[in-house]
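Engineer: Mind looking over this structure? Questions follow.
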Amino acid sequence: LAPAMSSASPHALTTSALTTSAPPRPWLEFVCSGTAAVCATVIVNPADVMKTRFQLQHAAAAAARFEGISAATTSVRYTGIASGLWRIWKQEGLRGLQSGLGAAILLQFSNVACRFGFYDLGKRALLVRGEDPGRAHAKSMAVGAGSGLIAAVVSNPFFLLKTRFQAHSHGYSSLVEACVDVFRTEGVPGFYRGLPAFAARVVVASSVQLSTYDTVKIAFVNAGMRAEKASTHLAASLVTGAAVVAAMQPFDFACTRFMNESGKAKYTNVVDVLVKTVRTEGLAAVYSGALANYARFGPYCCLVFLFLEQFRRLGAMATAG
């Protein structure tokens, strides 16, 4: 694709605003995006741990109440993000705050490299310079959903491992031990436990994240902000993060609950998770951890796009000529 036209009016900028920022060689987008996601994950993983534990902690208490067990034996451990992180730090130290980091890194590189890489290929093939913004956004969402589906299949095993490490309920001490245990007790299908729920989560998140970032960034540039400025990337990322969390929260919740199970299953599918949760815990339980989710995904989204823009620039320079 041609480089961005510096002489063009900002108001003439449409779908090319994001497409032209991708590296000139398609394979480089996979590397840049996966690496950007890894860098962001190292920073925000403690918030992800907090989100996971929020989503899981009410399940035991609700099950106990349903069976008539005293609530005193199933008290809620975490009541807020800051207090929860402080409690994990006091009881488990840095290792607790960074639970599942190894699995999270593998998850993020495989997932985001596929989502962004295939999304970039799809944009190059389908989007047309000067196309109607509404039509372009619909195409972007479709391409994002498709790339998300591929990413879900590739990265599902790592999301399962990450969830179990962060839940701190399976006693794993290493990734190798976790993989051996899952294979021994559940076989190869165990690594793809919850795939429908995870696929729904990733498809929704991917289609909303990638298309929204494109659309919002273009809107900001058309309003007078400079496309290459970090402040533009940051503003677009904050808006995108809120949109993604609102869209994927129910699927993220169901996925976390479903994947943390081992042995005899309590849930049969993502719908069953949501129905049983609402019946025993109330509708609000589905949105437990939503604030922690944005505390994770808001900064994560900003960091991924900020790192990605810089890696794209470095990649373009390294491959120039």
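So you can find residues: chains in the structure tokens are A, B, ... in the order shown, residues in each start at 1, and ligands are numbered from 1 in order.
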Near A:Pro196, counting only C-alpha atoms, which residues have an atom at most 8 Å away, once you skip same-chain residues fewer than 3 positions from it, shown as an NGL selection string?

Structural biologist: :A and (199-200 or 269-270)

Engineer: Residues of the last selection are to be written out with N, CA and C atoms, as a PDB file, in the first residue's frame.

Structural biologist:
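The resulting selection_4.pdb:
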ATOM      1  N   ALA A 199     -14.029 -18.884  21.923  1.00  0.00           N
ATOM      2  CA  ALA A 199     -14.164 -18.381  20.556  1.00  0.00           C
ATOM      3  C   ALA A 199     -15.137 -17.205  20.516  1.00  0.00           C
ATOM      4  N   ALA A 200     -16.263 -17.326  21.238  1.00  0.00           N
ATOM      5  CA  ALA A 200     -17.228 -16.224  21.285  1.00  0.00           C
ATOM      6  C   ALA A 200     -16.593 -14.985  21.889  1.00  0.00           C
ATOM      7  N   ASN A 269     -21.949 -25.799  28.633  1.00  0.00           N
ATOM      8  CA  ASN A 269     -21.590 -24.859  27.577  1.00  0.00           C
ATOM      9  C   ASN A 269     -21.700 -23.438  28.118  1.00  0.00           C
ATOM     10  N   VAL A 270     -21.402 -22.449  27.263  1.00  0.00           N
ATOM     11  CA  VAL A 270     -21.375 -21.063  27.714  1.00  0.00           C
ATOM     12  C   VAL A 270     -22.759 -20.593  28.151  1.00  0.00           C
TER      13      VAL A 270
END

Engineer: Atom CA of A:Ala178 to atom CA of A:Ile88: how many Å, to one decimal?

Structural biologist: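 Atom-to-atom, atom CA of A:Ala178 and atom CA of A:Ile88 are spaced 21.5 Å apart.
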
Engineer: For A:Leu234, which of A:Gly171, A:Gly298, A:Pro189, A:Gly194 is the closest residue, counting only C-alpha atoms?

Structural biologist: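 Among A:Gly171, A:Gly298, A:Pro189, A:Gly194, it is A:Gly298 that comes nearest to A:Leu234.
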
Engineer: Nearest to A:Ala113: which of A:Ala37, A:Val153, A:Cys179, A:Ala284 is it, counting only C-alpha atoms?

Structural biologist: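 Nearest to A:Ala113: A:Ala37.
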
Engineer: Within 12 Å of A:Thr35, counting only C-alpha atoms, which residues show up once you throw out same-chain ones fewer than 4 positions away? Write them as a short mmCIF file (atom, residue, chain, number, x, y, z; two decimals) with N, CA, C and O atoms, in the first residue's frame, please.

Structural biologist:
data_model
loop_
_atom_site.label_atom_id
_atom_site.label_comp_id
_atom_site.auth_asym_id
_atom_site.auth_seq_id
_atom_site.Cartn_x
_atom_site.Cartn_y
_atom_site.Cartn_z
N LEU A 28 5.38 -9.18 8.93
CA LEU A 28 5.91 -8.34 9.99
C LEU A 28 4.82 -7.91 10.96
O LEU A 28 5.09 -7.69 12.15
N GLU A 29 3.58 -7.82 10.48
CA GLU A 29 2.47 -7.45 11.37
C GLU A 29 2.24 -8.52 12.43
O GLU A 29 1.92 -8.21 13.57
N PHE A 30 2.42 -9.79 12.07
CA PHE A 30 2.30 -10.86 13.05
C PHE A 30 3.34 -10.69 14.15
O PHE A 30 3.04 -10.81 15.34
N VAL A 31 4.58 -10.43 13.76
CA VAL A 31 5.68 -10.28 14.73
C VAL A 31 5.49 -9.04 15.59
O VAL A 31 5.61 -9.10 16.82
N CYS A 39 4.67 -7.38 25.60
CA CYS A 39 5.15 -6.25 26.41
C CYS A 39 4.03 -5.69 27.30
O CYS A 39 4.24 -5.40 28.48
N ALA A 40 2.84 -5.55 26.72
CA ALA A 40 1.71 -5.02 27.48
C ALA A 40 1.28 -5.99 28.58
O ALA A 40 0.95 -5.56 29.70
N THR A 41 1.31 -7.27 28.31
CA THR A 41 0.85 -8.28 29.27
C THR A 41 1.71 -8.32 30.52
O THR A 41 1.19 -8.49 31.63
N VAL A 42 3.01 -8.18 30.35
CA VAL A 42 3.91 -8.18 31.51
C VAL A 42 3.52 -7.07 32.49
O VAL A 42 3.60 -7.23 33.71
N ILE A 105 1.87 -14.96 28.44
CA ILE A 105 2.74 -14.52 27.36
C ILE A 105 2.51 -15.37 26.11
O ILE A 105 2.39 -14.85 24.99
N LEU A 106 2.44 -16.68 26.30
CA LEU A 106 2.16 -17.57 25.16
C LEU A 106 0.79 -17.29 24.57
O LEU A 106 0.61 -17.27 23.34
N LEU A 107 -0.18 -17.06 25.45
CA LEU A 107 -1.54 -16.73 24.99
C LEU A 107 -1.54 -15.46 24.16
O LEU A 107 -2.09 -15.43 23.05
N GLN A 108 -0.94 -14.41 24.69
CA GLN A 108 -1.00 -13.12 24.02
C GLN A 108 -0.25 -13.11 22.70
O GLN A 108 -0.73 -12.55 21.72
N PHE A 109 0.91 -13.74 22.67
CA PHE A 109 1.64 -13.72 21.40
C PHE A 109 0.88 -14.49 20.33
O PHE A 109 0.69 -14.00 19.21
N SER A 110 0.41 -15.69 20.66
CA SER A 110 -0.30 -16.50 19.67
C SER A 110 -1.62 -15.86 19.28
O SER A 110 -1.98 -15.81 18.10
N ASN A 111 -2.36 -15.35 20.27
CA ASN A 111 -3.69 -14.80 20.01
C ASN A 111 -3.62 -13.49 19.24
O ASN A 111 -4.28 -13.32 18.20
N VAL A 112 -2.83 -12.56 19.73
CA VAL A 112 -2.79 -11.23 19.12
C VAL A 112 -2.06 -11.25 17.78
O VAL A 112 -2.46 -10.55 16.85
N ALA A 113 -1.02 -12.06 17.66
CA ALA A 113 -0.35 -12.16 16.36
C ALA A 113 -1.32 -12.64 15.29
O ALA A 113 -1.35 -12.11 14.18
N CYS A 114 -2.15 -13.63 15.64
CA CYS A 114 -3.14 -14.12 14.67
C CYS A 114 -4.22 -13.09 14.41
O CYS A 114 -4.60 -12.84 13.25
N PHE A 116 -4.27 -9.70 14.82
CA PHE A 116 -3.82 -8.51 14.10
C PHE A 116 -3.24 -8.87 12.73
O PHE A 116 -3.45 -8.15 11.75
N GLY A 117 -2.50 -9.98 12.67
CA GLY A 117 -1.88 -10.37 11.41
C GLY A 117 -2.91 -10.71 10.34
O GLY A 117 -2.84 -10.19 9.22
N LEU A 303 -1.50 0.14 25.77
CA LEU A 303 -0.11 -0.28 25.65
C LEU A 303 0.13 -1.09 24.37
O LEU A 303 1.16 -0.90 23.70
N VAL A 304 -0.81 -1.98 24.04
CA VAL A 304 -0.64 -2.78 22.82
C VAL A 304 -0.52 -1.87 21.60
O VAL A 304 0.40 -2.02 20.78
N PHE A 305 -1.45 -0.92 21.48
CA PHE A 305 -1.42 -0.06 20.30
C PHE A 305 -0.24 0.90 20.31
O PHE A 305 0.34 1.21 19.27
N LEU A 306 0.15 1.37 21.50
CA LEU A 306 1.32 2.25 21.58
C LEU A 306 2.59 1.49 21.19
O LEU A 306 3.41 1.97 20.41
N PHE A 307 2.76 0.29 21.77
CA PHE A 307 3.92 -0.54 21.40
C PHE A 307 3.86 -0.91 19.92
O PHE A 307 4.88 -0.89 19.23
N LEU A 308 2.67 -1.26 19.45
CA LEU A 308 2.53 -1.71 18.07
C LEU A 308 2.91 -0.61 17.08
O LEU A 308 3.61 -0.88 16.09
N GLU A 309 2.45 0.60 17.34
CA GLU A 309 2.78 1.70 16.43
C GLU A 309 4.30 1.90 16.36
O GLU A 309 4.85 2.15 15.29
N GLN A 310 4.97 1.77 17.50
CA GLN A 310 6.42 1.94 17.51
C GLN A 310 7.13 0.77 16.83
O GLN A 310 8.09 0.96 16.08
N PHE A 311 6.67 -0.45 17.09
CA PHE A 311 7.28 -1.61 16.45
C PHE A 311 7.05 -1.60 14.95
O PHE A 311 7.92 -2.02 14.18
N ARG A 312 5.87 -1.12 14.52
CA ARG A 312 5.62 -0.99 13.09
C ARG A 312 6.62 -0.03 12.45
O ARG A 312 7.16 -0.30 11.38
N GLY A 315 9.96 -1.68 12.40
CA GLY A 315 9.95 -2.74 11.39
C GLY A 315 10.04 -2.19 9.98
O GLY A 315 10.77 -2.76 9.14
#

Engineer: Using only C-alpha atoms, which of A:Phe251, A:Phe183, A:Tyr213, A:Phe165 sits nearest A:Phe198?

Structural biologist: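 Closest candidate: A:Phe251.
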
Engineer: Let me make sure I understand: among A:Leu56, A:Ala285, A:Cys301, A:Leu97, which one has the smallest atom-to-atom distance to A:Tyr78 if we use only C-alpha atoms?

Structural biologist: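 Result for the nearest residue to A:Tyr78: A:Leu56.
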
Engineer: Identify, on the basis of only C-alpha atoms, every residue whose closest approach to A:Asn156 does not exceed 8 Å; exclude the query and any residue fewer than 4 positions from it along the same chain; express the result as a list in words.

Structural biologist: Leu107, Ala152, Leu160, Phe191, Tyr192, Leu195 and Phe198 of chain A

Engineer: Could you tell me how far atom CA of A:Gln57 lies from atom CA of A:Ser83, in Å and to one decimal?

Structural biologist: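 Atom CA of A:Gln57 sits 14.8 Å away from atom CA of A:Ser83.
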
Engineer: Can you work out the spacing between atom CA of A:Leu291 and atom CA of A:Arg164 in Å, to one decimal?

Structural biologist: 20.9 Å

Engineer: A:Ala197: which residues within 12 Å, counting only C-alpha atoms, same-chain residues fewer than 3 positions away excluded, as a VMD selection string?

Structural biologist: chain A and resid 149 152 to 153 156 159 to 160 192 to 194 200 to 204 248 to 259 267 to 274

Engineer: Please return, as a ChimeraX atom specification, all residues of stretch 187-297 of chain A that DSSP assigns to helix (DSSP H, G or I) on the basis of the backbone.

Structural biologist: /A:187-190,195-222,230-260,270-281,283-287,290-297

Engineer: Go through A:Val143, A:Ala82, A:Ala243, A:Ala151 one by one, measure the shortest atom-to-atom distance of each to A:Gly34 using only C-alpha atoms, and give the residue with the smallest value.

Structural biologist: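 Residue with the minimum atom-to-atom distance to A:Gly34: A:Ala151.
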
Engineer: From the set A:Asn45, A:Thr277, A:Ser99, A:Ser211, which residue has the shortest atom-to-atom contact distance to A:Met141, counting only C-alpha atoms?

Structural biologist: A:Ser211
